[in-house]
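Chemist: I'd like to ask you about the structure that follows.
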There are 2 protein chains.
Amino acid sequence: MSPAPTLQPGIDGSFITVFWPGGRSSRYHAVWLRDHGQDAASRDPGNGQKKLSATDLPSGLCIRGATLNGSRLKVSFDDGSLTWLDLDWLRRHAYDRTDGETLIPKGRKTWAGDLDADGVMESFPRVADDPAVLEKWLRWVDTLGFARLRDVPAVPGAVLDVIALFGFVRETNYGRLFEVRSEPDPVNLAYTRMGLDPHTDNPYRDPVPTLQFLHCLENSAGGGESNVVDGFRVAEILRREDPARFALLSRYNVTFRYCGDGRSDLTAHRPMLEVSPDGQLVQVRINSRSFQSLTGVPYDLVPDFYAAYRHLEEITRRPEVSVTFRMEPGELFVVDNTRVLHGRGGFTKTGLRWLQGAYADIDGLRSTLALLGRRHAA
Amino acid sequence: MSPAPTLQPGIDGSFITVFWPGGRSSRYHAVWLRDHGQDAASRDPGNGQKKLSATDLPSGLCIRGATLNGSRLKVSFDDGSLTWLDLDWLRRHAYDRTDGETLIPKGRKTWAGDLDADGVMESFPRVADDPAVLEKWLRWVDTLGFARLRDVPAVPGAVLDVIALFGFVRETNYGRLFEVRSEPDPVNLAYTRMGLDPHTDNPYRDPVPTLQFLHCLENSAGGGESNVVDGFRVAEILRREDPARFALLSRYNVTFRYCGDGRSDLTAHRPMLEVSPDGQLVQVRINSRSFQSLTGVPYDLVPDFYAAYRHLEEITRRPEVSVTFRMEPGELFVVDNTRVLHGRGGFTKTGLRWLQGAYADIDGLRSTLALLGRRHAA
C-alpha cells in the first residue's frame, strides 16, 4: 500500500493543506474545492459537465470539515453543502505553486533547420490501421506542428481521408479542398509558378484554419521544393535578439485582407505575434502578401514597427531555421498553421506540379489524441 | 470639381504631409508609402495580394519626390523605386491620428434588455431572394451579434440552407448539425429539460465556433423560452463597476473542457474575457458547465478571481441585460458566439421542444456583407 496523504486545516476555514507522500504540499481554497467538487450534485456523472455556477459559490465560504476516505477527499462547508474530490485529480490540478511563465506553451517543442524531415514521416496505411501509429503521428503535429505522410493514394480527394482519421475539414471560400497548381488567371499567388516565402495561411481569416494539409498528386516540374519554418522558434529568436521589437509586434494589431477571387472580402485585425495574457505565444501570423495595411500603430512608432517586421521576416529566411524537402506523388504534409510557416521554391514551366490542399482544426486533432492516450492509462 | 489636396515634403525625406480639402492633414512615412504601393509591381492587380515583403523595404528609405496626378499620389524613393497610391484609399487609411483606444471594437453596438427582439426579425424567403434584405439581416449579426428569422421551413436540415446564404458550416464532434431536445442519456446538459443559464457555446474548443444557429422544428412544451445577453455589454458593466475584477478575468487563462460523449476530449486554456493588445474586447467565454479547472491563477489571487467570476455571472443574470422570446416552429436565431450568450428556461415533460443547431464562422459572414456593401459604392 502506498503511503497516504495527510491533511491540515487552515486556521480560519478558508483553505486546507494536503501533504502528499514524498514531501510536496498543496493548499486549496474552500471556494476552489466547492467549485471543483465531483459528487453527482456538483458535476454530471455521465457527461462530466459542471452543475454549479459562480452564483452557487457563496462569497466567504468556509470549510467546516475535511477527511480522507480511500482515494477521496471529503469536504463539508459552512453553507451546509458537502462534496468530494478524487485525490489523484486533486494532485494533478494543484494550483499552489509558482511556475515561471514561459513563452512556449507546455507540450510544444520548437525546432530549427536540423529537424530531420524524414523523422516525422509515416505511412498512410499504417496510420489508418494502427492506433499506436496514429497516436505517434498526431503527437508530432501536436508537439512539433509538422508531420509528413507517404503512401497516400495519389488521387484527388485523398487528403480528406487523412483528415477523417482524426477530425473535421474547415470549409472556406477555397472549398473543402483546393487545387494548388499554376493557373492562367490566378485568384491567389499560390496558384502560380512563383516561389512563396515561408508564411502562415489565411491570416485574413478570424479564426484562421488551425491545420493545413498539402497532398502531392504530381510533381514532374523542376524546382518547387517545399520548406517549413517553426514560427514559435522564430519568435523566440526575435525576442532574444531584440525584446523591444518582439514587444512591438505583439502589442499592435495589423490588418490582413484578401479579396482576390471576386467572391470574398476577408479582413482580420490581429497582431503578427499573438501572446496570451499569461505571456505564452498563442499564434503567429506572418504573411507579407496579405498584410494589407498598418493603421493601428501610433505614427511615431511606425518606423520602429517596420524595423521589427523586417527583422522578423529576415529570421524566417535564415537557412538555419528552414527545413526543406521535395514532395513526391502520394506524399502529404501537415502544419499547425497557428505556428509553422510553409513555403516553396519557384518551379519550371515544363512538367506539372499539382497539390491539393485542405484545412482542418487542431482542437479536433488534440481531442482524438487525448482519447488515444487513454489506452495507456487504462 | 472638388478641391485637390496639397503636399508638403518632410525635411529629411522620411515622411510627407498631405493636406486634405477641409483642413485635416495626414503624415505618411516613406517606408509606409513604399509598403502600401498600388502599382502592379508592388501589388498583384488581379487578386490584390502584396508582392513586396518586409525585406524589400530598405531600412532608412527616403522619399525623393512626390506629386499629385489626378486621383493618385505618385512617389519616388532613393532606392530608385517608384509607386503610386490612390488618394481616396490613402485618406481612408490615414494612420496619423490619436484615436483613443476603446473597449468595444468599431462597428459593434452593445445592447441590453430593451433591445426589441422583433426588430431584428426577418423572413427567410425575403432574405434569400433580396440582397438588400440579406445585407440588412447580416448587418444585425455583425453589429449586434444577434438576429432572428421566421418562415424557415420547419423541416430537419433547413438551418443549413440559412448558413449557405452567406458562408460555411463549421463541422464538429456534434456533427454538421445537432439535435437539441430532451434525451434519455444526454451527452450534454443541453439535451435535457433543464433550464440553461446564459452561456457561450464550446469554450473548450479553440477556436470556438464563431456563429451559432438554433432552428425550431417543434415547440409544444410549456416553458423553454429562449434568452440572449450581450456579453460585451456585460463586460462593459463589470469594468465600470469593478475595473480590478475586469482586469483579473482578462489577465488569466482558465481551463475549459468537454469529454461528455465518449468520442471527444476537448480542452482549451483561454481567458473568460479576452482583450486584444490594443485594449479591445475580442471574445467572452462564459460557461460555468465547462469551466473545468482553475490552475493558472496564482494561489493568493484565487479568492479575488472567484469574486470576479461571481460578479461577472451575476451581471449576466440581471433581468435588465436579458432579452427573452419564445421560439415557434419555423423560427431561427443566430448569435455571434464570441460575444452573445444564449440560454433557455426549463420546459415541461408534456409536449415536445425540438431545435436543430449548427455552427458557422463569422468571417465568412462579414466577407459576404462586405461584398453586398459594394453595391452601394458602385
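If you're wondering about the labels, chains in the C-alpha cells are A, B, ... by order shown, residues count from 1 in each chain, ligands from 1 in order shown.
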Please report as a Markdown table every residue of chain A lying within 6 Å of chain B, along with the nearest atom pair and their distance in Å (one decimal), using only C-alpha atoms.
Modeler:
| residue | atom | partner | partner_atom | distance |
| --- | --- | --- | --- | --- |
| A:Asn47 | CA | B:Gly260 | CA | 3.6 |
| A:Gly48 | CA | B:Gly260 | CA | 5.8 |
| A:Gln49 | CA | B:Arg289 | CA | 5.1 |
| A:Lys50 | CA | B:Arg289 | CA | 4.2 |
| A:Lys51 | CA | B:Arg289 | CA | 5.9 |
| A:Ser53 | CA | B:Ser288 | CA | 5.1 |
| A:Ala54 | CA | B:Arg310 | CA | 4.7 |
| A:Thr55 | CA | B:Arg310 | CA | 5.6 |
| A:Tyr95 | CA | B:Thr295 | CA | 4.7 |
| A:Asp96 | CA | B:Tyr299 | CA | 5.2 |
| A:Val187 | CA | B:Asn47 | CA | 5.3 |
| A:Asp206 | CA | B:Asp363 | CA | 5.8 |
| A:Arg251 | CA | B:Pro277 | CA | 5.2 |
| A:Gly260 | CA | B:Asn47 | CA | 3.6 |
| A:Ser264 | CA | B:Ser367 | CA | 5.4 |
| A:Asp265 | CA | B:Ser367 | CA | 4.5 |
| A:Leu266 | CA | B:Ser367 | CA | 5.0 |
| A:Pro277 | CA | B:Arg251 | CA | 5.1 |
| A:Ser288 | CA | B:Ser53 | CA | 5.1 |
| A:Arg289 | CA | B:Lys50 | CA | 4.1 |
| A:Ser290 | CA | B:Gln49 | CA | 5.7 |
| A:Thr295 | CA | B:Tyr95 | CA | 4.7 |
| A:Tyr299 | CA | B:Asp96 | CA | 5.2 |
| A:Arg310 | CA | B:Ala54 | CA | 4.7 |
| A:Asp363 | CA | B:Asp206 | CA | 5.8 |
| A:Ser367 | CA | B:Asp265 | CA | 4.5 |
Chemist: Return as an NGL selection string the full set of residues in segment 117-358 of chain A whose backbone-based DSSP assignment is strand (DSSP E or B).
Modeler: :A and (121-123 or 146-150 or 169-170 or 172 or 175 or 178-180 or 196-199 or 211-219 or 223 or 226-230 or 254-258 or 266-270 or 273-275 or 281-284 or 291-293 or 322-325 or 332-336 or 340-344 or 347 or 353-358)
Chemist: For Leu238 of chain A, list every protein, DNA or RNA residue within 9 Å, evaluated using only C-alpha atoms, and leave out those in the same chain fewer than 3 positions away; present the list as a CSV table (one decimal) with all heavy atoms, in the first residue's frame.
Modeler:
chain,number,residue,atom,x,y,z
A,233,ARG,N,9.8,29.2,-32.9
A,233,ARG,CA,11.3,29.4,-32.8
A,233,ARG,C,11.7,30.7,-33.3
A,233,ARG,O,12.5,31.4,-32.7
A,233,ARG,CB,12.0,28.2,-33.6
A,233,ARG,CG,13.5,28.4,-33.6
A,233,ARG,CD,14.2,28.4,-32.2
A,233,ARG,NE,14.1,27.1,-31.5
A,233,ARG,CZ,14.9,26.1,-31.7
A,233,ARG,NH1,16.0,26.2,-32.4
A,233,ARG,NH2,14.8,25.0,-31.0
A,234,VAL,N,11.1,31.2,-34.4
A,234,VAL,CA,11.4,32.5,-35.0
A,234,VAL,C,11.1,33.6,-33.9
A,234,VAL,O,11.9,34.5,-33.7
A,234,VAL,CB,10.6,32.7,-36.3
A,234,VAL,CG1,10.6,34.2,-36.7
A,234,VAL,CG2,11.1,31.8,-37.4
A,235,ALA,N,10.0,33.4,-33.3
A,235,ALA,CA,9.6,34.4,-32.2
A,235,ALA,C,10.5,34.4,-31.1
A,235,ALA,O,10.9,35.4,-30.5
A,235,ALA,CB,8.1,34.1,-31.8
A,241,GLU,N,17.0,38.3,-29.6
A,241,GLU,CA,17.9,39.3,-30.3
A,241,GLU,C,17.4,40.8,-30.1
A,241,GLU,O,18.2,41.7,-30.1
A,241,GLU,CB,17.9,39.0,-31.8
A,241,GLU,CG,18.6,37.7,-32.1
A,241,GLU,CD,18.7,37.4,-33.6
A,241,GLU,OE1,18.1,38.1,-34.4
A,241,GLU,OE2,19.4,36.5,-34.0
A,242,ASP,N,16.1,41.0,-29.9
A,242,ASP,CA,15.6,42.3,-29.7
A,242,ASP,C,14.2,42.3,-29.0
A,242,ASP,O,13.2,42.4,-29.7
A,242,ASP,CB,15.6,43.0,-31.1
A,242,ASP,CG,15.5,44.5,-30.9
A,242,ASP,OD1,14.8,45.0,-29.9
A,242,ASP,OD2,16.1,45.3,-31.7
A,243,PRO,N,14.2,42.3,-27.7
A,243,PRO,CA,13.0,42.1,-27.0
A,243,PRO,C,12.0,43.3,-27.3
A,243,PRO,O,10.8,43.1,-27.3
A,243,PRO,CB,13.4,42.2,-25.5
A,243,PRO,CG,14.9,41.9,-25.5
A,243,PRO,CD,15.4,42.3,-26.8
A,245,ARG,N,11.6,44.8,-30.1
A,245,ARG,CA,10.9,44.5,-31.4
A,245,ARG,C,9.8,43.4,-31.2
A,245,ARG,O,8.7,43.5,-31.8
A,245,ARG,CB,11.9,44.2,-32.4
A,245,ARG,CG,12.7,45.4,-32.9
A,245,ARG,CD,13.7,45.0,-33.9
A,245,ARG,NE,14.3,46.2,-34.4
A,245,ARG,CZ,15.4,46.3,-35.2
A,245,ARG,NH1,16.0,45.1,-35.6
A,245,ARG,NH2,15.9,47.4,-35.6
A,246,PHE,N,10.2,42.4,-30.4
A,246,PHE,CA,9.2,41.4,-30.1
A,246,PHE,C,7.9,42.0,-29.5
A,246,PHE,O,6.8,41.8,-29.9
A,246,PHE,CB,9.8,40.3,-29.2
A,246,PHE,CG,8.8,39.3,-28.7
A,246,PHE,CD1,8.7,38.1,-29.4
A,246,PHE,CD2,8.0,39.5,-27.7
A,246,PHE,CE1,7.8,37.1,-29.1
A,246,PHE,CE2,7.1,38.5,-27.3
A,246,PHE,CZ,7.0,37.3,-28.0
A,308,ALA,N,11.0,46.2,-36.9
A,308,ALA,CA,10.7,44.9,-36.2
A,308,ALA,C,10.1,43.9,-37.2
A,308,ALA,O,10.5,42.7,-37.2
A,308,ALA,CB,9.7,45.2,-35.1
A,311,HIS,N,12.9,42.6,-39.3
A,311,HIS,CA,13.8,41.7,-38.5
A,311,HIS,C,13.1,40.3,-38.4
A,311,HIS,O,13.7,39.3,-38.7
A,311,HIS,CB,14.0,42.3,-37.2
A,311,HIS,CG,15.0,41.6,-36.3
A,311,HIS,ND1,15.6,42.3,-35.2
A,311,HIS,CD2,15.6,40.4,-36.4
A,311,HIS,CE1,16.5,41.4,-34.7
A,311,HIS,NE2,16.5,40.3,-35.4
A,312,LEU,N,11.8,40.3,-38.1
A,312,LEU,CA,11.1,39.1,-38.0
A,312,LEU,C,11.1,38.3,-39.3
A,312,LEU,O,11.5,37.1,-39.3
A,312,LEU,CB,9.6,39.4,-37.7
A,312,LEU,CG,8.7,38.2,-37.6
A,312,LEU,CD1,8.9,37.5,-36.3
A,312,LEU,CD2,7.2,38.6,-37.7
A,315,ILE,N,14.5,36.7,-40.1
A,315,ILE,CA,14.8,35.5,-39.3
A,315,ILE,C,14.1,34.3,-40.0
A,315,ILE,O,14.7,33.2,-40.2
A,315,ILE,CB,14.3,35.6,-37.9
A,315,ILE,CG1,15.0,36.7,-37.1
A,315,ILE,CG2,14.4,34.3,-37.1
A,315,ILE,CD1,14.4,37.0,-35.8
